[in-house]
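> Dropping in run09.tsv, which is TSV, C-alpha atoms:
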```
chain	number	residue	atom	x	y	z
A	942	MET	CA	1.39	53.10	4.39
A	943	ASN	CA	0.11	51.60	7.69
A	944	THR	CA	-2.16	48.60	8.07
A	945	GLU	CA	-5.17	50.71	8.97
A	946	ASP	CA	-4.96	52.37	5.59
A	947	LYS	CA	-4.74	49.06	3.77
A	948	LYS	CA	-7.81	47.72	5.53
A	949	ILE	CA	-9.88	50.70	4.61
A	950	ARG	CA	-8.80	50.51	0.99
A	951	SER	CA	-9.53	46.83	0.68
A	952	ARG	CA	-13.08	47.51	1.81
A	953	SER	CA	-13.63	50.53	-0.34
A	954	PRO	CA	-17.00	50.35	-2.08
A	955	GLY	CA	-16.91	49.07	-5.64
A	956	ALA	CA	-13.62	47.24	-5.13
A	957	GLY	CA	-13.12	43.68	-6.33
A	958	ARG	CA	-15.17	41.79	-8.85
A	959	LYS	CA	-18.55	43.30	-9.50
A	960	SER	CA	-21.43	41.08	-8.44
A	961	GLY	CA	-22.96	39.15	-11.29
A	962	THR	CA	-19.85	39.14	-13.49
A	963	GLY	CA	-18.43	35.74	-12.46
A	964	PRO	CA	-19.03	32.51	-14.34
A	965	PHE	CA	-22.53	32.21	-12.90
A	966	ARG	CA	-23.53	35.80	-13.75
A	967	GLU	CA	-25.00	36.35	-10.26
A	968	ASP	CA	-23.94	36.73	-6.62
A	969	THR	CA	-22.13	33.70	-5.18
A	970	THR	CA	-21.62	32.29	-1.71
A	971	VAL	CA	-19.02	29.97	-0.14
A	972	ILE	CA	-20.19	26.52	1.01
A	973	ARG	CA	-18.56	23.32	2.27
A	974	VAL	CA	-19.40	20.13	0.40
A	975	PRO	CA	-18.53	16.50	1.15
A	976	ASN	CA	-15.44	15.41	-0.80
A	977	SER	CA	-17.25	12.43	-2.33
A	978	GLN	CA	-19.88	14.71	-3.86
A	979	LYS	CA	-17.49	17.37	-5.14
A	980	PRO	CA	-17.19	16.11	-8.77
A	981	LEU	CA	-20.95	15.75	-9.04
A	982	ILE	CA	-21.56	19.24	-7.73
A	983	SER	CA	-18.81	20.67	-9.92
A	984	ASP	CA	-20.36	19.11	-13.03
A	985	PHE	CA	-23.74	20.43	-12.08
A	986	LEU	CA	-22.38	23.93	-11.55
A	987	GLU	CA	-20.45	23.86	-14.82
A	988	ALA	CA	-23.59	22.95	-16.73
A	989	TYR	CA	-25.45	25.68	-14.89
A	990	ALA	CA	-22.75	28.24	-15.78
A	991	LYS	CA	-22.95	27.22	-19.44
A	992	LYS	CA	-26.72	27.62	-19.43
A	993	GLN	CA	-26.38	31.09	-17.90
A	994	ARG	CA	-23.75	32.12	-20.47
A	995	LEU	CA	-25.88	30.94	-23.38
A	996	ALA	CA	-28.96	32.68	-22.06
A	997	GLU	CA	-26.96	35.88	-21.89
A	998	LEU	CA	-25.42	35.37	-25.34
A	999	LYS	CA	-28.54	34.25	-27.12
A	1000	THR	CA	-29.65	37.66	-28.34
A	1001	ASN	CA	-26.18	38.31	-29.74
A	1002	LEU	CA	-25.73	34.95	-31.43
A	1003	ASP	CA	-28.46	34.80	-34.09
A	1004	ILE	CA	-28.06	31.02	-33.95
A	1005	VAL	CA	-27.89	29.29	-37.34
A	1006	GLY	CA	-28.67	25.66	-38.03
A	1007	ASP	CA	-30.14	25.17	-41.50
A	1008	ILE	CA	-27.28	23.55	-43.38
A	1009	THR	CA	-27.18	22.30	-46.98
A	1010	GLN	CA	-24.42	20.86	-49.08
A	1011	PRO	CA	-23.71	21.54	-52.76
A	1012	ALA	CA	-25.01	18.93	-55.17
A	1013	LEU	CA	-22.28	16.68	-56.48
A	1014	ASP	CA	-23.54	16.53	-60.05
A	1015	LEU	CA	-22.54	20.10	-60.78
A	1016	HIS	CA	-23.29	20.71	-64.42
A	1017	SER	CA	-21.69	23.79	-65.85
A	1018	VAL	CA	-23.73	26.81	-66.93
A	1019	SER	CA	-21.76	29.65	-68.39
A	1020	LEU	CA	-23.33	33.09	-68.05
A	1021	PRO	CA	-22.29	36.33	-69.73
A	1022	HIS	CA	-20.57	38.61	-67.24
A	1023	PHE	CA	-20.43	42.41	-67.44
A	1024	GLN	CA	-17.66	43.73	-65.28
A	1025	SER	CA	-17.60	47.42	-66.01
A	1026	LYS	CA	-20.74	48.90	-67.45
A	1027	VAL	CA	-23.59	47.17	-69.13
A	1028	PRO	CA	-23.63	48.09	-72.79
A	1029	ALA	CA	-26.78	49.97	-73.68
A	1030	GLY	CA	-29.16	48.96	-76.38
A	1031	ILE	CA	-27.47	45.76	-77.40
A	1032	PRO	CA	-29.42	42.59	-77.98
A	1033	ALA	CA	-29.08	40.08	-75.18
A	1034	SER	CA	-27.13	37.71	-77.36
A	1035	ALA	CA	-24.40	40.14	-78.42
A	1036	ASP	CA	-21.46	38.29	-77.00
A	1037	SER	CA	-18.95	40.80	-78.28
A	1038	ASP	CA	-19.65	43.19	-75.42
A	1039	VAL	CA	-19.49	40.55	-72.74
A	1040	ASP	CA	-16.39	40.91	-70.58
A	1041	SER	CA	-16.16	37.28	-69.67
A	1042	ARG	CA	-18.31	34.29	-68.92
A	1043	ILE	CA	-18.98	32.94	-65.47
A	1044	ASP	CA	-20.05	29.65	-64.00
A	1045	LEU	CA	-21.65	30.21	-60.59
A	1046	ASN	CA	-20.48	26.92	-59.12
A	1047	ARG	CA	-16.93	27.74	-60.06
A	1048	LEU	CA	-17.22	31.37	-58.94
A	1049	LEU	CA	-18.60	30.54	-55.51
A	1050	ILE	CA	-17.35	27.07	-54.67
A	1051	ASN	CA	-13.66	26.38	-54.40
A	1052	ASN	CA	-13.89	22.83	-53.18
A	1053	PRO	CA	-17.33	21.15	-53.26
A	1054	ASP	CA	-16.32	18.53	-50.69
A	1055	ARG	CA	-15.47	21.16	-48.12
A	1056	THR	CA	-18.25	23.62	-48.85
A	1057	PHE	CA	-21.71	23.92	-47.37
A	1058	PHE	CA	-24.47	26.50	-47.19
A	1059	VAL	CA	-25.96	27.94	-44.02
A	1060	THR	CA	-29.14	30.03	-43.86
A	1061	ILE	CA	-28.59	33.39	-42.16
A	1062	GLN	CA	-30.79	34.13	-39.15
A	1063	GLY	CA	-31.34	37.57	-37.68
A	1064	GLU	CA	-29.88	40.95	-38.53
A	1065	SER	CA	-26.54	40.84	-36.74
A	1066	MET	CA	-24.55	40.85	-40.02
A	1067	ILE	CA	-26.65	43.08	-42.28
A	1068	GLU	CA	-23.90	45.63	-42.84
A	1069	ALA	CA	-21.72	42.90	-44.29
A	1070	GLY	CA	-24.53	42.21	-46.76
A	1071	LEU	CA	-25.79	39.11	-44.94
A	1072	LEU	CA	-29.56	39.44	-44.55
A	1073	PRO	CA	-31.99	37.03	-42.87
A	1074	GLY	CA	-32.73	34.16	-45.26
A	1075	ASP	CA	-29.53	34.60	-47.27
A	1076	ARG	CA	-27.43	31.50	-47.79
A	1077	ALA	CA	-23.87	31.89	-46.59
A	1078	ILE	CA	-21.28	29.80	-48.38
A	1079	VAL	CA	-18.97	28.22	-45.81
A	1080	GLU	CA	-15.69	26.50	-46.51
A	1081	ARG	CA	-14.41	24.31	-43.70
A	1082	ASP	CA	-10.76	23.40	-43.08
A	1083	LYS	CA	-9.83	26.87	-44.21
A	1084	VAL	CA	-7.47	28.75	-41.89
A	1085	PRO	CA	-9.39	31.78	-40.61
A	1086	SER	CA	-7.76	35.20	-40.41
A	1087	ILE	CA	-8.71	38.11	-38.20
A	1088	GLY	CA	-11.36	40.07	-40.09
A	1089	ASP	CA	-12.82	37.02	-41.84
A	1090	ILE	CA	-16.51	36.27	-41.50
A	1091	VAL	CA	-16.65	32.84	-39.89
A	1092	LEU	CA	-19.10	30.14	-38.86
A	1093	ALA	CA	-18.25	29.51	-35.22
A	1094	MET	CA	-19.58	27.16	-32.57
A	1095	ILE	CA	-20.00	28.47	-29.02
A	1096	ASP	CA	-21.18	26.06	-26.34
A	1097	GLY	CA	-22.88	23.94	-28.99
A	1098	GLU	CA	-24.62	26.78	-30.85
A	1099	PHE	CA	-23.59	27.95	-34.33
A	1100	THR	CA	-23.27	31.60	-35.26
A	1101	ILE	CA	-21.90	33.66	-38.15
A	1102	LYS	CA	-19.83	36.70	-37.16
A	1103	THR	CA	-16.65	38.60	-37.97
A	1104	LEU	CA	-13.58	37.15	-36.26
A	1105	ALA	CA	-11.54	39.54	-34.13
A	1106	LYS	CA	-9.11	39.37	-31.24
A	1107	GLN	CA	-9.42	40.46	-27.61
A	1108	LYS	CA	-6.60	42.33	-25.90
A	1109	ASN	CA	-5.42	39.09	-24.28
A	1110	GLY	CA	-5.22	37.38	-27.67
A	1111	ASP	CA	-8.36	35.28	-27.23
A	1112	PRO	CA	-10.93	35.44	-30.01
A	1113	LYS	CA	-13.99	37.62	-30.05
A	1114	LEU	CA	-16.85	37.69	-32.52
A	1115	LEU	CA	-18.17	40.97	-33.86
A	1116	PRO	CA	-21.58	41.72	-35.35
A	1117	ALA	CA	-21.88	43.91	-38.45
A	1118	ASN	CA	-24.79	46.02	-37.30
A	1119	SER	CA	-24.21	49.54	-36.01
A	1120	SER	CA	-27.69	49.85	-34.47
A	1121	GLY	CA	-26.24	48.75	-31.11
A	1122	ARG	CA	-28.68	45.86	-30.84
A	1123	TYR	CA	-25.87	43.30	-30.92
A	1124	GLU	CA	-22.91	43.11	-28.55
A	1125	PRO	CA	-19.50	41.69	-29.43
A	1126	ILE	CA	-19.14	38.13	-28.11
A	1127	LEU	CA	-16.03	37.64	-25.99
A	1128	ILE	CA	-14.82	34.05	-26.02
A	1129	LEU	CA	-13.95	33.04	-22.46
A	1130	LYS	CA	-11.68	30.20	-21.40
A	1131	GLN	CA	-14.57	28.20	-19.97
A	1132	MET	CA	-16.53	28.30	-23.24
A	1133	GLN	CA	-16.51	25.51	-25.75
A	1134	PHE	CA	-15.43	27.30	-28.92
A	1135	GLU	CA	-14.39	26.35	-32.41
A	1136	ILE	CA	-14.31	27.93	-35.82
A	1137	THR	CA	-16.11	25.53	-38.11
A	1138	GLY	CA	-15.44	27.32	-41.38
A	1139	VAL	CA	-14.85	30.59	-43.18
A	1140	VAL	CA	-17.72	32.35	-44.98
A	1141	THR	CA	-16.42	32.87	-48.50
A	1142	GLY	CA	-19.58	34.30	-50.01
A	1143	SER	CA	-23.37	34.43	-49.96
A	1144	PHE	CA	-26.34	34.52	-52.26
A	1145	ARG	CA	-29.90	35.72	-52.04
A	1146	GLN	CA	-33.09	35.49	-54.04
A	1147	PHE	CA	-34.99	38.74	-54.52
A	1148	LYS	CA	-38.17	37.38	-55.99
B	428	MET	CA	-5.62	32.64	-31.47
B	429	ALA	CA	-3.35	29.69	-32.23
B	430	GLY	CA	-3.52	28.25	-28.72
B	431	ARG	CA	-7.29	28.18	-28.64
B	432	SER	CA	-8.15	27.27	-32.19
B	433	VAL	CA	-9.57	23.79	-32.45
B	434	GLN	CA	-9.58	21.53	-35.48
B	435	PRO	CA	-12.79	22.41	-37.31
B	436	ARG	CA	-15.29	19.62	-36.85
B	437	PHE	CA	-17.58	19.69	-39.82
B	438	THR	CA	-19.40	16.57	-38.71
B	439	SER	CA	-20.98	18.29	-35.73
B	440	ALA	CA	-22.33	21.07	-37.93
B	441	ALA	CA	-23.60	18.82	-40.68
B	442	GLN	CA	-25.13	15.97	-38.74
B	443	GLY	CA	-28.57	15.21	-39.97
B	444	TYR	CA	-28.24	17.36	-43.05
B	445	GLU	CA	-26.43	14.91	-45.31
B	446	GLY	CA	-29.51	14.36	-47.43
B	447	LYS	CA	-30.04	17.99	-48.33
B	448	SER	CA	-28.11	19.29	-51.27
B	449	LEU	CA	-28.32	22.31	-53.45
B	450	ASN	CA	-27.16	22.96	-56.99
B	451	LEU	CA	-26.25	26.61	-57.34
B	452	ASN	CA	-26.88	26.78	-61.08
B	453	ALA	CA	-30.26	25.12	-60.82
B	454	GLN	CA	-31.21	27.20	-57.79
B	455	LEU	CA	-30.11	30.59	-59.08
B	456	ILE	CA	-30.64	30.42	-62.83
B	457	LYS	CA	-34.24	29.93	-63.85
B	458	ASP	CA	-33.82	31.15	-67.42
B	459	PRO	CA	-30.21	30.64	-68.58
B	460	PRO	CA	-30.36	32.38	-72.00
B	461	ALA	CA	-31.86	35.53	-70.41
B	462	THR	CA	-29.62	35.66	-67.35
B	463	PHE	CA	-26.61	37.95	-67.07
B	464	VAL	CA	-24.10	38.48	-64.29
B	465	VAL	CA	-23.40	42.14	-63.56
B	466	GLN	CA	-20.73	43.56	-61.31
B	467	VAL	CA	-22.19	46.19	-58.94
B	468	GLU	CA	-20.48	49.57	-58.89
B	469	THR	CA	-22.90	51.56	-56.79
B	470	ASP	CA	-23.84	51.78	-53.12
B	471	ASN	CA	-27.39	52.65	-54.12
B	472	MET	CA	-28.81	49.34	-52.86
B	473	VAL	CA	-26.72	48.49	-49.78
B	474	ASP	CA	-29.75	48.19	-47.48
B	475	ALA	CA	-30.98	45.39	-49.75
B	476	GLY	CA	-27.66	43.65	-49.16
B	477	ILE	CA	-26.23	44.58	-52.57
B	478	LEU	CA	-22.84	46.05	-51.79
B	479	LEU	CA	-20.23	47.78	-53.87
B	480	GLY	CA	-18.44	44.88	-55.53
B	481	SER	CA	-21.34	42.43	-55.22
B	482	LYS	CA	-22.58	40.66	-58.30
B	483	VAL	CA	-26.21	40.41	-59.30
B	484	LEU	CA	-28.00	38.02	-61.61
B	485	VAL	CA	-30.20	40.00	-63.97
B	486	ASN	CA	-33.03	38.46	-65.96
B	487	ARG	CA	-33.57	40.36	-69.19
B	488	ALA	CA	-36.68	38.44	-70.13
B	489	LYS	CA	-38.47	40.02	-67.16
B	490	ALA	CA	-37.58	43.59	-68.17
B	491	SER	CA	-41.03	44.35	-69.55
B	492	LYS	CA	-42.73	42.78	-66.54
B	493	ALA	CA	-41.03	44.85	-63.83
B	494	ARG	CA	-43.34	45.54	-60.91
B	495	THR	CA	-43.25	47.87	-57.94
B	496	GLY	CA	-40.76	46.54	-55.41
B	497	ASP	CA	-38.57	44.79	-57.98
B	498	ILE	CA	-34.93	45.74	-58.12
B	499	VAL	CA	-34.19	46.70	-61.70
B	500	LEU	CA	-31.23	47.58	-63.82
B	501	ALA	CA	-32.44	50.54	-65.86
B	502	ILE	CA	-31.07	53.10	-68.27
B	503	VAL	CA	-32.04	56.71	-67.58
B	504	ASP	CA	-30.47	59.50	-69.62
B	505	HIS	CA	-27.97	57.04	-71.07
B	506	GLU	CA	-26.78	56.04	-67.62
B	507	PHE	CA	-27.15	52.73	-65.87
B	508	VAL	CA	-29.01	52.80	-62.59
B	509	MET	CA	-29.73	49.93	-60.22
B	510	SER	CA	-32.76	50.82	-58.14
B	511	GLU	CA	-36.02	49.69	-56.69
B	512	PHE	CA	-38.78	50.12	-59.23
B	513	TYR	CA	-41.93	51.98	-58.21
B	514	LYS	CA	-44.94	52.48	-60.41
B	515	ARG	CA	-48.31	53.90	-59.47
B	516	GLY	CA	-50.58	55.09	-62.27
B	517	LYS	CA	-48.44	57.37	-64.38
B	518	ILE	CA	-45.87	57.94	-61.67
B	519	ILE	CA	-42.65	55.99	-62.11
B	520	ARG	CA	-39.82	56.31	-59.65
B	521	LEU	CA	-36.50	54.63	-59.13
B	522	LEU	CA	-35.79	54.40	-55.41
B	523	SER	CA	-32.49	53.90	-53.68
B	524	ASN	CA	-32.06	51.56	-50.70
B	525	ASN	CA	-29.40	53.38	-48.72
B	526	LYS	CA	-30.61	55.07	-45.54
B	527	ALA	CA	-27.15	56.33	-44.63
B	528	MET	CA	-26.60	58.20	-47.90
B	529	ASP	CA	-30.23	59.25	-48.35
B	530	TYR	CA	-30.11	59.40	-52.16
B	531	LEU	CA	-33.08	61.12	-53.75
B	532	PRO	CA	-35.46	59.00	-55.80
B	533	ILE	CA	-35.30	59.43	-59.55
B	534	GLU	CA	-38.66	60.58	-60.84
B	535	ILE	CA	-39.22	59.72	-64.49
B	536	LYS	CA	-40.78	62.76	-66.12
B	537	GLU	CA	-43.11	62.87	-69.11
B	538	GLY	CA	-41.14	62.31	-72.26
B	539	GLN	CA	-38.05	61.11	-70.40
B	540	GLU	CA	-36.77	57.82	-71.68
B	541	LEU	CA	-36.58	54.93	-69.27
B	542	ILE	CA	-35.31	51.56	-70.40
B	543	ILE	CA	-35.64	48.68	-67.99
B	544	TRP	CA	-32.68	46.48	-68.92
B	545	GLY	CA	-33.60	43.62	-66.64
B	546	VAL	CA	-34.86	42.56	-63.23
B	547	VAL	CA	-32.38	41.63	-60.51
B	548	GLU	CA	-33.24	38.12	-59.35
B	549	HIS	CA	-30.30	37.26	-57.12
B	550	GLY	CA	-27.51	38.97	-55.28
B	551	ILE	CA	-24.13	37.39	-54.73
B	552	ASN	CA	-21.55	38.62	-52.24
B	553	TYR	CA	-18.16	37.25	-51.78
B	554	TYR	CA	-15.84	37.83	-48.90
B	555	ILE	CA	-12.92	35.71	-49.97
B	556	LYS	CA	-11.94	35.33	-53.59
B	557	HIS	CA	-11.01	31.87	-54.73
B	558	PRO	CA	-7.63	31.57	-56.43
```
Re-express the file's structure as structure tokens.

Amino acid sequence: MNTEDKKIRSRSPGAGRKSGTGPFREDTTVIRVPNSQKPLISDFLEAYAKKQRLAELKTNLDIVGDITQPALDLHSVSLPHFQSKVPAGIPASADSDVDSRIDLNRLLINNPDRTFFVTIQGESMIEAGLLPGDRAIVERDKVPSIGDIVLAMIDGEFTIKTLAKQKNGDPKLLPANSSGRYEPILILKQMQFEITGVVTGSFRQFK
Amino acid sequence: MAGRSVQPRFTSAAQGYEGKSLNLNAQLIKDPPATFVVQVETDNMVDAGILLGSKVLVNRAKASKARTGDIVLAIVDHEFVMSEFYKRGKIIRLLSNNKAMDYLPIEIKEGQELIIWGVVEHGINYYIKHP
């Protein structure tokens, strides 16, 4: 291969990074800056890049923020639990047909000190049974596995999504909504990212 | 994953919310003697967020007061059905909430016995079972 060939190839249309895909999500230009001002300008640009990322992510995030903690004075209420089929025609008090009894606090909360509730926003997780207004039960300090539904923080905003992995091993967050309205969120090196807790369950009021 | 996972920082998520607390039993059970927990074994109501394997809290005391739009646990032809209740004049239907499967509504005919066992008040999903 001669140099002429190389030159032509390096200029071939569509080569290199596509415009608008860098950290700033738009075309960039090279400038010289005074050394003394470099940190200041770098900080400014970093903040700008974060703002651009968030603006782009916002529709995919369904940001959550309404957080409650379980009451500490958990009194026990034991409810009859039908596991298989509900027996027909029996009076409500016929305990003989009850499979077991359940206390909701014990069913849903493993460790009250590490559990909190977050109100679901948006429809990004509806196919996992998480509808807007539902309360997700989140346990923090729990080691998340791939496939878990997690409460994650991205650049300061909280979101609930399914945890998955990118090809390079970095995390990505998947919606559970096949309508195509929500894109997977790829976690990039420059993002501030942490998994705050694992969603262990949820509850909803119908009326 | 390991290289990028950060110690979860609950404090950042909970700041300013310390005062708010919620008692599940008080929140979810309005009428303890009439409330039953039922394991869901149908995909009839997935669009309402009730999945196969979910649990629902059913209030039996509200059985006779079921209204259009309520999710009910009913007995039709000796079989249990969880459906959305619809009543208009003499027409009674049990509707499914599953667009993907497109189940037909159950139309209760004259003379057909329909027992409303209770009204579903809450749905509970869990994604990770506690030991």
> So which residues are close to (-29.0, 60.0, -65.6), meaning at most 12 Å away in the file's coordinates with only C-alpha atoms counted, and can you show them as a list in words?
Ala501, Ile502, Val503, Asp504, His505, Glu506, Phe507, Val508, Met509, Leu521, Pro532, Ile533, Glu534, Ile535, Gln539, Glu540, Leu541 and Ile542 of chain B
> For chain B, report every residue with an atom at most 6 Å from chain A (counting all atoms listed in the file), formatted as a compact mmCIF listing (two decimals) with C-alpha atoms, in the frame of the given file.

```txt
# COMPACT_ATOMS: atom_id res chain seq x y z
CA MET B 428 -5.62 32.64 -31.47
CA VAL B 433 -9.57 23.79 -32.45
CA PRO B 435 -12.79 22.41 -37.31
CA LYS B 447 -30.04 17.99 -48.33
CA SER B 448 -28.11 19.29 -51.27
CA LEU B 449 -28.32 22.31 -53.45
CA ASN B 450 -27.16 22.96 -56.99
CA PHE B 463 -26.61 37.95 -67.07
CA VAL B 464 -24.10 38.48 -64.29
CA VAL B 465 -23.40 42.14 -63.56
CA GLN B 466 -20.73 43.56 -61.31
CA GLY B 476 -27.66 43.65 -49.16
CA GLU B 548 -33.24 38.12 -59.35
CA HIS B 549 -30.30 37.26 -57.12
CA GLY B 550 -27.51 38.97 -55.28
CA ILE B 551 -24.13 37.39 -54.73
CA ASN B 552 -21.55 38.62 -52.24
CA TYR B 553 -18.16 37.25 -51.78
CA TYR B 554 -15.84 37.83 -48.90
CA ILE B 555 -12.92 35.71 -49.97
```
> I'd like the interatomic distance between atom CA of Asp1054 of chain A and atom CA of Val467 of chain B, to a tenth of an Å.
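Value for the atom CA of Asp1054 of chain A-atom CA of Val467 of chain B distance: 29.5 Å.
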> May I ask for the distance between atom CA of Asp1003 of chain A and atom CA of Met1066 of chain A, given in Å to one decimal place?
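About the pair atom CA of Asp1003 of chain A and atom CA of Met1066 of chain A: they are 9.3 Å apart.
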> Mind giving me the straight-line distance from atom CA of Pro964 of chain A to atom CA of Asn976 of chain A in Å, one decimal?
22.1 Å
> Name all residues at most 10 Å from Glu537 of chain B (count all atoms listed in the file; drop same-chain ones fewer than 5 positions away) and give them as an MDAnalysis selection string.
chainID B and resid 517:519
> Excluding Ser491 of chain B and its own-chain neighbours fewer than 4 positions away, which residues fall within 12 Å of it when counting all atoms listed in the file? Please give them as a compact mmCIF listing (two decimals) with C-alpha atoms, in the frame of the given file.

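Written file, around.txt:
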```txt
# COMPACT_ATOMS: atom_id res chain seq x y z
CA ASN B 486 -33.03 38.46 -65.96
CA ARG B 487 -33.57 40.36 -69.19
CA ASP B 497 -38.57 44.79 -57.98
CA VAL B 499 -34.19 46.70 -61.70
CA LEU B 500 -31.23 47.58 -63.82
CA ALA B 501 -32.44 50.54 -65.86
CA LEU B 541 -36.58 54.93 -69.27
CA ILE B 542 -35.31 51.56 -70.40
CA ILE B 543 -35.64 48.68 -67.99
CA TRP B 544 -32.68 46.48 -68.92
CA GLY B 545 -33.60 43.62 -66.64
CA VAL B 546 -34.86 42.56 -63.23
```
